[in-house]
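Student: Let me begin by handing over the structure; questions about it come next.
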Amino acid sequence: MLPLSACLVIVFIAVVLYFVSVREFKVKKTVKDFPVKFPEDKLKSKETDWYDVAIVGAGPAGSTAAYFLAKLGWKVLLLEKKKFPRDKYCGDAVCKTAIEILMEMGLYDQLIKEGKAYVSDNGGLVSPSGLSFIGKSKEGYGDVPAALACKRILLDEAIAKAAKRMGADLKEEQPVDTAEFNEDDGLWEVNIADSDIAYEARVLLCCDGAPSRLAMKLGLVTKPPDSTCSRAYVDGGTHKFKADGVVFYNRDLMPGYAALFRHPNDVLNFCCYIIPGNPKCTQEDLPYWHNHLMTKDPNISRALGKDFKIERMKAASLRLGGEKVSYARHCLVVGDAAGMIDPLTGEGIHHAMEGGKIAAHFLDEVITQGNYDSDVMAIYHQRWMDKFGFDFKWSMVFCQLTYRFPILIDAATAVVQRKGDKYLLKWADIMTGRVPKINMLKPEFAVPITIELIRLMLLKLLGKPIVKKKED
């Protein structure tokens, strides 16, 4: 059972975070509150050799920012170090917020029609003790599904090419080495590695992923990535997985988790996320957990079957929880580079795309006003923190709670079992950051989960199993 001291700590943290959330960024300024310094910049039709914005990294964050900046009429450079199509490693799950942006770009129907994305309908979770629920989402969510699966090798190229069609100058095979700011003319010089190529721009966007080498060189990001995830595709027709997406909470891996997501042609993505907080699960342990869970976790091994064919594990670093600073004079950091990854789930695609869109609309105001001072650029940080960044603090709290008390996930799963699909959709909205995680403290969640928590603890005290063992 939860000791009284632990309950008091939980209540104390909740109260403190509540007041912090109320006071966070209480005094807000707008771009128009600052003086104009570059009045000529607002002329979108100006002829210059330099760009309004240079974006380093054509992943979901950079390409989304490029798309909306180009749509707004600005001269945008989008630099990608490799040639498309190029791969990235993650769980491939694209959540509702990102789906809405794909729809706005005209990409959602295209990806489905071309067989590059698979819309998830039935999905759910398996708790540490083996409680499970698989529900349907299409009827509950309507036109915008809860999630879809799309390989990053396909998704990233689609968004980048959409930005190019909108007018962004996409240049592939352009690895950025350095970026230097010229005080005299107020322009960045972006230098390409192993070449004499250089580009100039008024604003620099660092969107180069979790390692964020450019932002690290500029001193905006000072610490290395703090987490990691794996990915391996399972051949279609070789497994026994029936659902479209399931998250598996293995007690020993928590607060991390593993998941299976269905792609077109019955292909599966098996991924494992190491989330900080468990001293027995470090980034170096990822290969062990990835391989161990496939055969030793009863729920995952049952879903995969005995004859599944899977590729070699690939891994990627994660920067969780948001960087404290994501701006400087004439510069912004966006997406994974800014730590726009939820610490509770390790999900970042939808935050990266939403962050890219926020950055684009913010820069539309900034360029029009013609002031790029640090105090002005800080408004961008304030906006994405207000939109979803503050929620990461709650995610960190819940990470620690679920690691110390895995029975909380058991209780939540038991509630979902009892209440069904609609409740699962509400739970999914919270877990993906669609709805702030503070909503878990609302009576509709806190009360039934507490009741189930008490029931499960009583079962344990009586020596009765929480869930009946499943037969193969």
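By order in the structure tokens, chains are A, B, ...; within a chain, residues start at 1; ligands start at 1, following the order shown.
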Would you list the contacts of segment 368-377 of chain A as a PyMOL selection string, taking every protein, DNA or RNA residue within 12 Å and counting only C-alpha atoms, but skipping same-chain residues closer than 3 positions in sequence?

Tutor: chain A and resi 28-44+52-53+72-74+186-187+202-205+325-333+359+361-365+380-384

Student: So that I have them on file, write out the residues from the current selection with N, CA and C atoms, as a short mmCIF file (atom, residue, chain, number, x, y, z; two decimals), in the first residue's frame.

Tutor:
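Output file again-v9.cif is given in full below:
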```cif
data_model
loop_
_atom_site.label_atom_id
_atom_site.label_comp_id
_atom_site.auth_asym_id
_atom_site.auth_seq_id
_atom_site.Cartn_x
_atom_site.Cartn_y
_atom_site.Cartn_z
N LYS A 28 2.93 38.90 -19.55
CA LYS A 28 3.23 38.56 -20.94
C LYS A 28 3.39 39.84 -21.76
N LYS A 29 4.35 39.81 -22.68
CA LYS A 29 4.53 40.91 -23.61
C LYS A 29 4.27 40.40 -25.01
N THR A 30 3.95 41.30 -25.91
CA THR A 30 3.76 40.95 -27.31
C THR A 30 4.91 41.54 -28.11
N VAL A 31 5.07 41.05 -29.34
CA VAL A 31 6.14 41.52 -30.20
C VAL A 31 6.02 43.02 -30.45
N LYS A 32 4.82 43.51 -30.56
CA LYS A 32 4.60 44.93 -30.86
C LYS A 32 4.98 45.85 -29.70
N ASP A 33 5.25 45.28 -28.54
CA ASP A 33 5.67 46.09 -27.40
C ASP A 33 7.11 46.57 -27.54
N PHE A 34 7.85 46.05 -28.53
CA PHE A 34 9.26 46.37 -28.67
C PHE A 34 9.49 47.28 -29.88
N PRO A 35 10.53 48.10 -29.84
CA PRO A 35 10.79 49.04 -30.94
C PRO A 35 11.24 48.36 -32.22
N VAL A 36 11.03 49.02 -33.34
CA VAL A 36 11.44 48.52 -34.65
C VAL A 36 12.93 48.80 -34.84
N LYS A 37 13.69 47.80 -35.29
CA LYS A 37 15.12 47.97 -35.54
C LYS A 37 15.51 47.71 -36.99
N PHE A 38 14.73 46.87 -37.66
CA PHE A 38 14.99 46.57 -39.08
C PHE A 38 13.69 46.80 -39.85
N PRO A 39 13.32 48.06 -40.08
CA PRO A 39 12.01 48.36 -40.70
C PRO A 39 11.87 47.79 -42.10
N GLU A 40 13.00 47.60 -42.81
CA GLU A 40 12.92 47.11 -44.18
C GLU A 40 12.52 45.65 -44.26
N ASP A 41 12.63 44.91 -43.16
CA ASP A 41 12.39 43.46 -43.20
C ASP A 41 10.94 43.11 -43.47
N LYS A 42 10.02 44.01 -43.13
CA LYS A 42 8.61 43.68 -43.27
C LYS A 42 8.16 43.60 -44.72
N LEU A 43 9.01 44.05 -45.65
CA LEU A 43 8.66 44.02 -47.07
C LEU A 43 8.92 42.63 -47.62
N LYS A 44 7.87 41.86 -47.80
CA LYS A 44 8.04 40.47 -48.24
C LYS A 44 8.55 40.36 -49.67
N ASP A 52 15.17 35.46 -45.12
CA ASP A 52 14.55 35.92 -43.88
C ASP A 52 14.85 34.92 -42.76
N VAL A 53 14.75 33.62 -43.09
CA VAL A 53 14.98 32.57 -42.09
C VAL A 53 15.76 31.43 -42.73
N LEU A 72 3.32 32.09 -45.39
CA LEU A 72 3.13 33.47 -44.95
C LEU A 72 3.87 34.48 -45.83
N GLY A 73 4.65 33.96 -46.78
CA GLY A 73 5.28 34.85 -47.76
C GLY A 73 6.73 35.19 -47.51
N TRP A 74 7.40 34.53 -46.58
CA TRP A 74 8.78 34.87 -46.27
C TRP A 74 9.76 34.00 -47.06
N GLY A 186 23.63 42.39 -39.05
CA GLY A 186 22.53 41.67 -38.40
C GLY A 186 22.11 40.42 -39.13
N LEU A 187 23.08 39.68 -39.67
CA LEU A 187 22.78 38.47 -40.44
C LEU A 187 23.62 37.30 -39.93
N ARG A 202 18.51 36.40 -41.78
CA ARG A 202 18.25 37.27 -40.64
C ARG A 202 18.01 36.47 -39.36
N VAL A 203 17.33 35.33 -39.51
CA VAL A 203 17.01 34.49 -38.35
C VAL A 203 17.50 33.07 -38.61
N LEU A 204 18.01 32.45 -37.56
CA LEU A 204 18.47 31.06 -37.63
C LEU A 204 17.57 30.18 -36.78
N LEU A 205 17.09 29.07 -37.34
CA LEU A 205 16.32 28.08 -36.59
C LEU A 205 17.13 26.80 -36.48
N VAL A 325 16.11 27.23 -22.12
CA VAL A 325 16.27 28.34 -23.06
C VAL A 325 16.21 27.79 -24.48
N SER A 326 15.34 28.34 -25.29
CA SER A 326 15.22 27.90 -26.69
C SER A 326 15.26 29.09 -27.64
N TYR A 327 15.99 30.12 -27.24
CA TYR A 327 16.03 31.34 -28.04
C TYR A 327 17.31 32.12 -27.74
N ALA A 328 17.66 33.01 -28.66
CA ALA A 328 18.73 33.99 -28.48
C ALA A 328 18.46 35.10 -29.48
N ARG A 329 19.31 36.07 -29.54
CA ARG A 329 19.14 37.13 -30.56
C ARG A 329 19.15 36.49 -31.95
N HIS A 330 18.12 36.78 -32.71
CA HIS A 330 18.02 36.33 -34.10
C HIS A 330 18.01 34.81 -34.22
N CYS A 331 17.66 34.09 -33.17
CA CYS A 331 17.78 32.62 -33.22
C CYS A 331 16.73 31.93 -32.35
N LEU A 332 16.21 30.80 -32.86
CA LEU A 332 15.28 29.95 -32.11
C LEU A 332 15.74 28.49 -32.22
N VAL A 333 15.39 27.71 -31.20
CA VAL A 333 15.62 26.26 -31.22
C VAL A 333 14.24 25.60 -31.18
N ALA A 359 6.61 28.55 -34.05
CA ALA A 359 7.78 29.35 -34.42
C ALA A 359 7.52 30.15 -35.68
N HIS A 361 4.61 31.26 -37.02
CA HIS A 361 3.68 32.38 -36.81
C HIS A 361 4.30 33.45 -35.91
N PHE A 362 5.14 33.04 -34.98
CA PHE A 362 5.85 34.02 -34.15
C PHE A 362 6.81 34.84 -35.01
N LEU A 363 7.58 34.18 -35.87
CA LEU A 363 8.54 34.90 -36.71
C LEU A 363 7.84 35.79 -37.73
N ASP A 364 6.64 35.45 -38.13
CA ASP A 364 5.87 36.33 -39.00
C ASP A 364 5.67 37.69 -38.31
N GLU A 365 5.37 37.66 -37.03
CA GLU A 365 5.21 38.90 -36.25
C GLU A 365 6.56 39.60 -36.07
N TYR A 380 8.69 33.61 -27.96
CA TYR A 380 8.49 32.29 -28.59
C TYR A 380 8.56 31.19 -27.54
N HIS A 381 9.58 31.25 -26.67
CA HIS A 381 9.72 30.24 -25.62
C HIS A 381 8.49 30.25 -24.72
N GLN A 382 8.02 31.43 -24.40
CA GLN A 382 6.83 31.56 -23.57
C GLN A 382 5.62 30.90 -24.23
N ARG A 383 5.51 31.05 -25.55
CA ARG A 383 4.32 30.53 -26.26
C ARG A 383 4.29 29.01 -26.30
N TRP A 384 5.43 28.40 -26.62
CA TRP A 384 5.37 26.93 -26.69
C TRP A 384 5.32 26.32 -25.29
#
```

Student: Contacts of Leu344 of chain A at 8 Å or less, counting only C-alpha atoms, minus same-chain residues fewer than 4 places along, as a list in words?

Tutor: Pro255, Ile275, Phe392, Ser395, Met396, Phe398, Cys399 and Met431 of chain A

Student: Could you list, as a VMD selection string, every residue within 7 Å of Pro175 of chain A, counting only C-alpha atoms and ignoring same-chain residues fewer than 2 positions away?

Tutor: chain A and resid 80 to 81 173 177 192 to 193

Student: Could you list, as an mmCIF file with all heavy atoms, in the first residue's frame, every residue within 12 Å of Asp285 of chain A, counting only C-alpha atoms and ignoring same-chain residues fewer than 6 positions away?

Tutor:
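result09.cif, written as the output of this step:
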```cif
data_model
loop_
_atom_site.group_PDB
_atom_site.id
_atom_site.type_symbol
_atom_site.label_atom_id
_atom_site.label_comp_id
_atom_site.auth_asym_id
_atom_site.auth_seq_id
_atom_site.Cartn_x
_atom_site.Cartn_y
_atom_site.Cartn_z
ATOM 1 N N SER A 227 17.935 10.471 -22.888
ATOM 2 C CA SER A 227 17.178 9.238 -23.001
ATOM 3 C C SER A 227 17.412 8.618 -24.371
ATOM 4 O O SER A 227 18.159 9.159 -25.203
ATOM 5 C CB SER A 227 15.685 9.506 -22.764
ATOM 6 O OG SER A 227 14.974 8.289 -22.669
ATOM 7 N N THR A 228 16.762 7.488 -24.611
ATOM 8 C CA THR A 228 16.968 6.793 -25.882
ATOM 9 C C THR A 228 15.782 5.882 -26.188
ATOM 10 O O THR A 228 14.993 5.548 -25.293
ATOM 11 C CB THR A 228 18.276 5.967 -25.834
ATOM 12 O OG1 THR A 228 18.537 5.415 -27.123
ATOM 13 C CG2 THR A 228 18.159 4.826 -24.824
ATOM 14 N N CYS A 229 15.652 5.514 -27.451
ATOM 15 C CA CYS A 229 14.591 4.574 -27.858
ATOM 16 C C CYS A 229 15.113 3.670 -28.960
ATOM 17 O O CYS A 229 16.091 3.993 -29.642
ATOM 18 C CB CYS A 229 13.344 5.328 -28.336
ATOM 19 S SG CYS A 229 13.564 6.211 -29.899
ATOM 20 N N SER A 230 14.453 2.535 -29.112
ATOM 21 C CA SER A 230 14.823 1.576 -30.160
ATOM 22 C C SER A 230 13.714 1.481 -31.190
ATOM 23 O O SER A 230 12.580 1.914 -30.952
ATOM 24 C CB SER A 230 15.069 0.195 -29.547
ATOM 25 O OG SER A 230 13.845 -0.336 -29.040
ATOM 26 N N LEU A 253 10.877 -2.217 -16.399
ATOM 27 C CA LEU A 253 11.340 -1.181 -17.324
ATOM 28 C C LEU A 253 10.832 0.210 -16.952
ATOM 29 O O LEU A 253 11.407 1.215 -17.357
ATOM 30 C CB LEU A 253 10.887 -1.528 -18.754
ATOM 31 C CG LEU A 253 11.268 -0.558 -19.876
ATOM 32 C CD1 LEU A 253 12.790 -0.474 -20.020
ATOM 33 C CD2 LEU A 253 10.634 -1.001 -21.192
ATOM 34 N N GLY A 256 9.845 3.602 -18.278
ATOM 35 C CA GLY A 256 9.873 3.341 -19.703
ATOM 36 C C GLY A 256 8.809 2.334 -20.112
ATOM 37 O O GLY A 256 8.063 1.810 -19.274
ATOM 38 N N CYS A 272 11.146 0.334 -28.011
ATOM 39 C CA CYS A 272 11.351 0.313 -26.566
ATOM 40 C C CYS A 272 11.910 1.672 -26.150
ATOM 41 O O CYS A 272 12.852 2.177 -26.773
ATOM 42 C CB CYS A 272 12.319 -0.806 -26.199
ATOM 43 S SG CYS A 272 12.704 -0.921 -24.437
ATOM 44 N N TYR A 273 11.314 2.275 -25.123
ATOM 45 C CA TYR A 273 11.729 3.604 -24.666
ATOM 46 C C TYR A 273 12.309 3.520 -23.257
ATOM 47 O O TYR A 273 11.660 3.010 -22.347
ATOM 48 C CB TYR A 273 10.537 4.562 -24.668
ATOM 49 C CG TYR A 273 10.202 5.112 -26.035
ATOM 50 C CD1 TYR A 273 9.604 4.318 -27.012
ATOM 51 C CD2 TYR A 273 10.497 6.428 -26.360
ATOM 52 C CE1 TYR A 273 9.309 4.818 -28.262
ATOM 53 C CE2 TYR A 273 10.207 6.940 -27.614
ATOM 54 C CZ TYR A 273 9.614 6.139 -28.562
ATOM 55 O OH TYR A 273 9.325 6.637 -29.797
ATOM 56 N N ILE A 274 13.526 4.017 -23.113
ATOM 57 C CA ILE A 274 14.141 4.148 -21.797
ATOM 58 C C ILE A 274 13.850 5.566 -21.305
ATOM 59 O O ILE A 274 14.287 6.546 -21.921
ATOM 60 C CB ILE A 274 15.666 3.928 -21.848
ATOM 61 C CG1 ILE A 274 15.994 2.537 -22.396
ATOM 62 C CG2 ILE A 274 16.272 4.151 -20.469
ATOM 63 C CD1 ILE A 274 15.635 1.397 -21.478
ATOM 64 N N ILE A 275 13.096 5.680 -20.224
ATOM 65 C CA ILE A 275 12.744 6.971 -19.652
ATOM 66 C C ILE A 275 13.525 7.156 -18.349
ATOM 67 O O ILE A 275 13.538 6.250 -17.511
ATOM 68 C CB ILE A 275 11.230 7.064 -19.370
ATOM 69 C CG1 ILE A 275 10.425 6.773 -20.652
ATOM 70 C CG2 ILE A 275 10.870 8.435 -18.801
ATOM 71 C CD1 ILE A 275 10.584 7.778 -21.757
ATOM 72 N N PRO A 276 14.195 8.295 -18.151
ATOM 73 C CA PRO A 276 14.989 8.495 -16.933
ATOM 74 C C PRO A 276 14.151 8.341 -15.659
ATOM 75 O O PRO A 276 12.970 8.688 -15.636
ATOM 76 C CB PRO A 276 15.502 9.938 -17.077
ATOM 77 C CG PRO A 276 15.481 10.200 -18.546
ATOM 78 C CD PRO A 276 14.290 9.445 -19.060
ATOM 79 N N ASN A 278 14.606 5.332 -13.523
ATOM 80 C CA ASN A 278 14.847 3.990 -13.013
ATOM 81 C C ASN A 278 16.345 3.699 -13.078
ATOM 82 O O ASN A 278 16.905 3.558 -14.170
ATOM 83 C CB ASN A 278 14.078 2.965 -13.852
ATOM 84 C CG ASN A 278 14.185 1.552 -13.312
ATOM 85 O OD1 ASN A 278 15.077 1.236 -12.535
ATOM 86 N ND2 ASN A 278 13.277 0.689 -13.730
ATOM 87 N N PRO A 279 17.022 3.627 -11.942
ATOM 88 C CA PRO A 279 18.479 3.427 -11.956
ATOM 89 C C PRO A 279 18.901 2.102 -12.580
ATOM 90 O O PRO A 279 20.063 1.937 -12.964
ATOM 91 C CB PRO A 279 18.856 3.487 -10.471
ATOM 92 C CG PRO A 279 17.601 3.148 -9.727
ATOM 93 C CD PRO A 279 16.486 3.693 -10.557
ATOM 94 N N ASN A 291 15.760 -6.610 -26.697
ATOM 95 C CA ASN A 291 15.773 -8.037 -27.012
ATOM 96 C C ASN A 291 15.117 -8.887 -25.923
ATOM 97 O O ASN A 291 14.453 -9.877 -26.220
ATOM 98 C CB ASN A 291 17.223 -8.491 -27.238
ATOM 99 C CG ASN A 291 17.842 -7.859 -28.468
ATOM 100 O OD1 ASN A 291 17.321 -7.967 -29.570
ATOM 101 N ND2 ASN A 291 18.952 -7.169 -28.279
ATOM 102 N N HIS A 292 15.284 -8.480 -24.686
ATOM 103 C CA HIS A 292 14.725 -9.229 -23.566
ATOM 104 C C HIS A 292 13.194 -9.258 -23.624
ATOM 105 O O HIS A 292 12.578 -10.321 -23.438
ATOM 106 C CB HIS A 292 15.195 -8.594 -22.259
ATOM 107 C CG HIS A 292 14.553 -9.172 -21.039
ATOM 108 N ND1 HIS A 292 14.956 -10.370 -20.484
ATOM 109 C CD2 HIS A 292 13.519 -8.727 -20.260
ATOM 110 C CE1 HIS A 292 14.215 -10.633 -19.412
ATOM 111 N NE2 HIS A 292 13.338 -9.648 -19.261
ATOM 112 N N ALA A 315 18.663 2.521 -32.964
ATOM 113 C CA ALA A 315 18.418 3.345 -31.785
ATOM 114 C C ALA A 315 18.603 4.824 -32.090
ATOM 115 O O ALA A 315 19.328 5.197 -33.024
ATOM 116 C CB ALA A 315 19.349 2.930 -30.650
#
```

Student: Based on the backbone DSSP call, show me all residues of segment 147-262 of chain A assigned strand (DSSP E), as an NGL selection string.

Tutor: :A and (147-150 or 169-171 or 176-182 or 187-192 or 198-206 or 227-234 or 245-248 or 257-262)

Student: Just list as a PyMOL selection string whatever in segment 11-235 of chain A DSSP marks as alpha helix (DSSP H).

Tutor: chain A and resi 11-23+60-71+96-105+108-113+138-141+152-166+213-217

Student: With C-alpha atoms retained, write the just-selected residues as a CSV table (one decimal), in the first residue's frame.

Tutor:
```csv
chain,number,residue,atom,x,y,z
A,11,VAL,CA,-0.4,16.1,-2.6
A,12,PHE,CA,2.4,18.6,-1.9
A,13,ILE,CA,3.8,18.3,-5.4
A,14,ALA,CA,0.3,18.7,-6.9
A,15,VAL,CA,-0.3,21.9,-4.9
A,16,VAL,CA,3.0,23.4,-5.8
A,17,LEU,CA,2.7,22.6,-9.5
A,18,TYR,CA,-0.8,24.1,-9.5
A,19,PHE,CA,0.4,27.4,-8.2
A,20,VAL,CA,3.4,27.4,-10.5
A,21,SER,CA,1.1,26.7,-13.5
A,22,VAL,CA,-1.1,29.7,-12.5
A,23,ARG,CA,1.9,32.0,-12.1
A,60,PRO,CA,9.1,17.4,-38.7
A,61,ALA,CA,9.9,20.6,-36.7
A,62,GLY,CA,12.1,22.3,-39.4
A,63,SER,CA,10.0,21.4,-42.4
A,64,THR,CA,6.7,22.4,-40.6
A,65,ALA,CA,8.2,25.8,-39.7
A,66,ALA,CA,9.5,26.2,-43.3
A,67,TYR,CA,6.0,25.3,-44.7
A,68,PHE,CA,4.2,27.9,-42.7
A,69,LEU,CA,6.8,30.6,-43.1
A,70,ALA,CA,6.7,30.1,-46.9
A,71,LYS,CA,2.9,30.2,-46.8
A,96,LYS,CA,-3.9,13.8,-33.3
A,97,THR,CA,-2.3,17.3,-33.1
A,98,ALA,CA,0.2,16.3,-35.8
A,99,ILE,CA,-2.5,14.7,-37.9
A,100,GLU,CA,-4.4,18.0,-37.9
A,101,ILE,CA,-1.3,19.8,-39.2
A,102,LEU,CA,-0.8,17.1,-41.9
A,103,MET,CA,-4.4,17.7,-42.9
A,104,GLU,CA,-3.8,21.5,-43.0
A,105,MET,CA,-0.8,20.8,-45.3
A,108,TYR,CA,-3.0,13.3,-44.6
A,109,ASP,CA,-5.1,12.0,-47.5
A,110,GLN,CA,-2.0,11.8,-49.7
A,111,LEU,CA,-0.1,9.5,-47.3
A,112,ILE,CA,-3.1,7.3,-46.8
A,113,LYS,CA,-3.9,7.1,-50.5
A,138,LYS,CA,-12.6,6.1,-35.1
A,139,GLU,CA,-16.2,6.4,-33.9
A,140,GLY,CA,-15.1,8.4,-30.8
A,141,TYR,CA,-12.8,10.8,-32.6
A,152,ARG,CA,9.9,8.5,-40.7
A,153,ILE,CA,11.7,7.8,-44.0
A,154,LEU,CA,8.3,8.6,-45.6
A,155,LEU,CA,6.9,11.2,-43.3
A,156,ASP,CA,9.9,13.5,-43.1
A,157,GLU,CA,10.2,13.6,-46.9
A,158,ALA,CA,6.5,14.3,-47.4
A,159,ILE,CA,6.6,17.3,-45.1
A,160,ALA,CA,9.9,18.7,-46.5
A,161,LYS,CA,8.6,18.4,-50.1
A,162,ALA,CA,5.4,20.1,-49.0
A,163,ALA,CA,7.4,23.0,-47.6
A,164,LYS,CA,9.3,23.1,-51.0
A,165,ARG,CA,6.0,23.2,-52.9
A,166,MET,CA,4.9,26.1,-50.7
A,213,ARG,CA,25.0,19.9,-32.5
A,214,LEU,CA,24.4,23.4,-33.8
A,215,ALA,CA,22.6,24.6,-30.7
A,216,MET,CA,25.3,23.0,-28.6
A,217,LYS,CA,28.0,24.9,-30.5
```

Student: Just checking: using only C-alpha atoms, which residue out of A:Asp87, A:Asp235, A:Asp336, A:Glu180 ends up closest to Lys309 of chain A?

Tutor: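 Among the listed residues, the smallest separation from Lys309 of chain A belongs to A:Asp235.
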
Student: By how many Å are atom CA of Pro211 of chain A and atom CA of Glu354 of chain A apart?

Tutor: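 Atom-to-atom, atom CA of Pro211 of chain A and atom CA of Glu354 of chain A are spaced 19.8 Å apart.
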
Student: Neighbouring residues of Ile409 of chain A were defined as those with any atom within 8 Å, considering only C-alpha atoms; residues of the same chain fewer than 6 positions away were excluded. Please report them as number ranges by chain.

Tutor: A: 127-128, 402

Student: Mind giving me the straight-line distance from atom CA of Gln283 of chain A to atom CA of Ala316 of chain A in Å, one decimal?

Tutor: 10.2 Å

Student: Would you work out the distance separating atom CA of Gly305 of chain A from atom CA of His239 of chain A, expressed in Å to one decimal?

Tutor: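 Rounded to one decimal, the two atoms are 5.5 Å apart.
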
Student: List the spatial neighbours of Leu131 of chain A as a ChimeraX atom specification - criterion: any atom at most 7 Å away, only C-alpha atoms, same-chain residues fewer than 6 positions off excluded.

Tutor: /A:410,413-414,467

Student: Residues as selected, N, CA, C and O atoms, written as a tab-separated table (two decimals), in the first residue's frame, can you do that?

Tutor:
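part.tsv was written with the following content:
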```tsv
chain	number	residue	atom	x	y	z
A	410	ASP	N	-1.85	-0.05	-13.13
A	410	ASP	CA	-2.82	-1.13	-13.01
A	410	ASP	C	-4.22	-0.56	-12.73
A	410	ASP	O	-5.21	-0.98	-13.34
A	413	THR	N	-5.68	1.23	-15.74
A	413	THR	CA	-6.11	0.26	-16.76
A	413	THR	C	-7.42	-0.41	-16.34
A	413	THR	O	-8.30	-0.65	-17.18
A	414	ALA	N	-7.55	-0.70	-15.06
A	414	ALA	CA	-8.79	-1.31	-14.56
A	414	ALA	C	-9.99	-0.37	-14.78
A	414	ALA	O	-11.09	-0.81	-15.12
A	467	VAL	N	-4.93	-10.19	-11.94
A	467	VAL	CA	-5.44	-10.62	-13.23
A	467	VAL	C	-5.22	-12.13	-13.38
A	467	VAL	O	-4.22	-12.67	-12.89
```

Student: Could you pull the residues within 10 Å of Lys223 of chain A, counting only C-alpha atoms, minus those fewer than 3 positions along the same chain, as a VMD selection string?

Tutor: chain A and resid 211 to 212 216 219 to 220 226 319 323

Student: Hey, which of A:Lys116, A:Val126, A:Ala146, A:Leu218 ends up closest to Asp429 of chain A? Count only C-alpha atoms.

Tutor: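 Counting only C-alpha atoms, the residue closest to Asp429 of chain A is A:Ala146.
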
Student: Between A:Val221, A:Lys280, A:Pro406, A:Leu304, which one has atoms that come closest to Cys206 of chain A, using only C-alpha atoms?

Tutor: A:Val221

Student: Between A:Val334, A:Val56, A:Ile430, A:Leu125, which one has atoms that come closest to Phe248 of chain A, using only C-alpha atoms?

Tutor: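 Nearest candidate to Phe248 of chain A out of A:Val334, A:Val56, A:Ile430, A:Leu125: A:Leu125.
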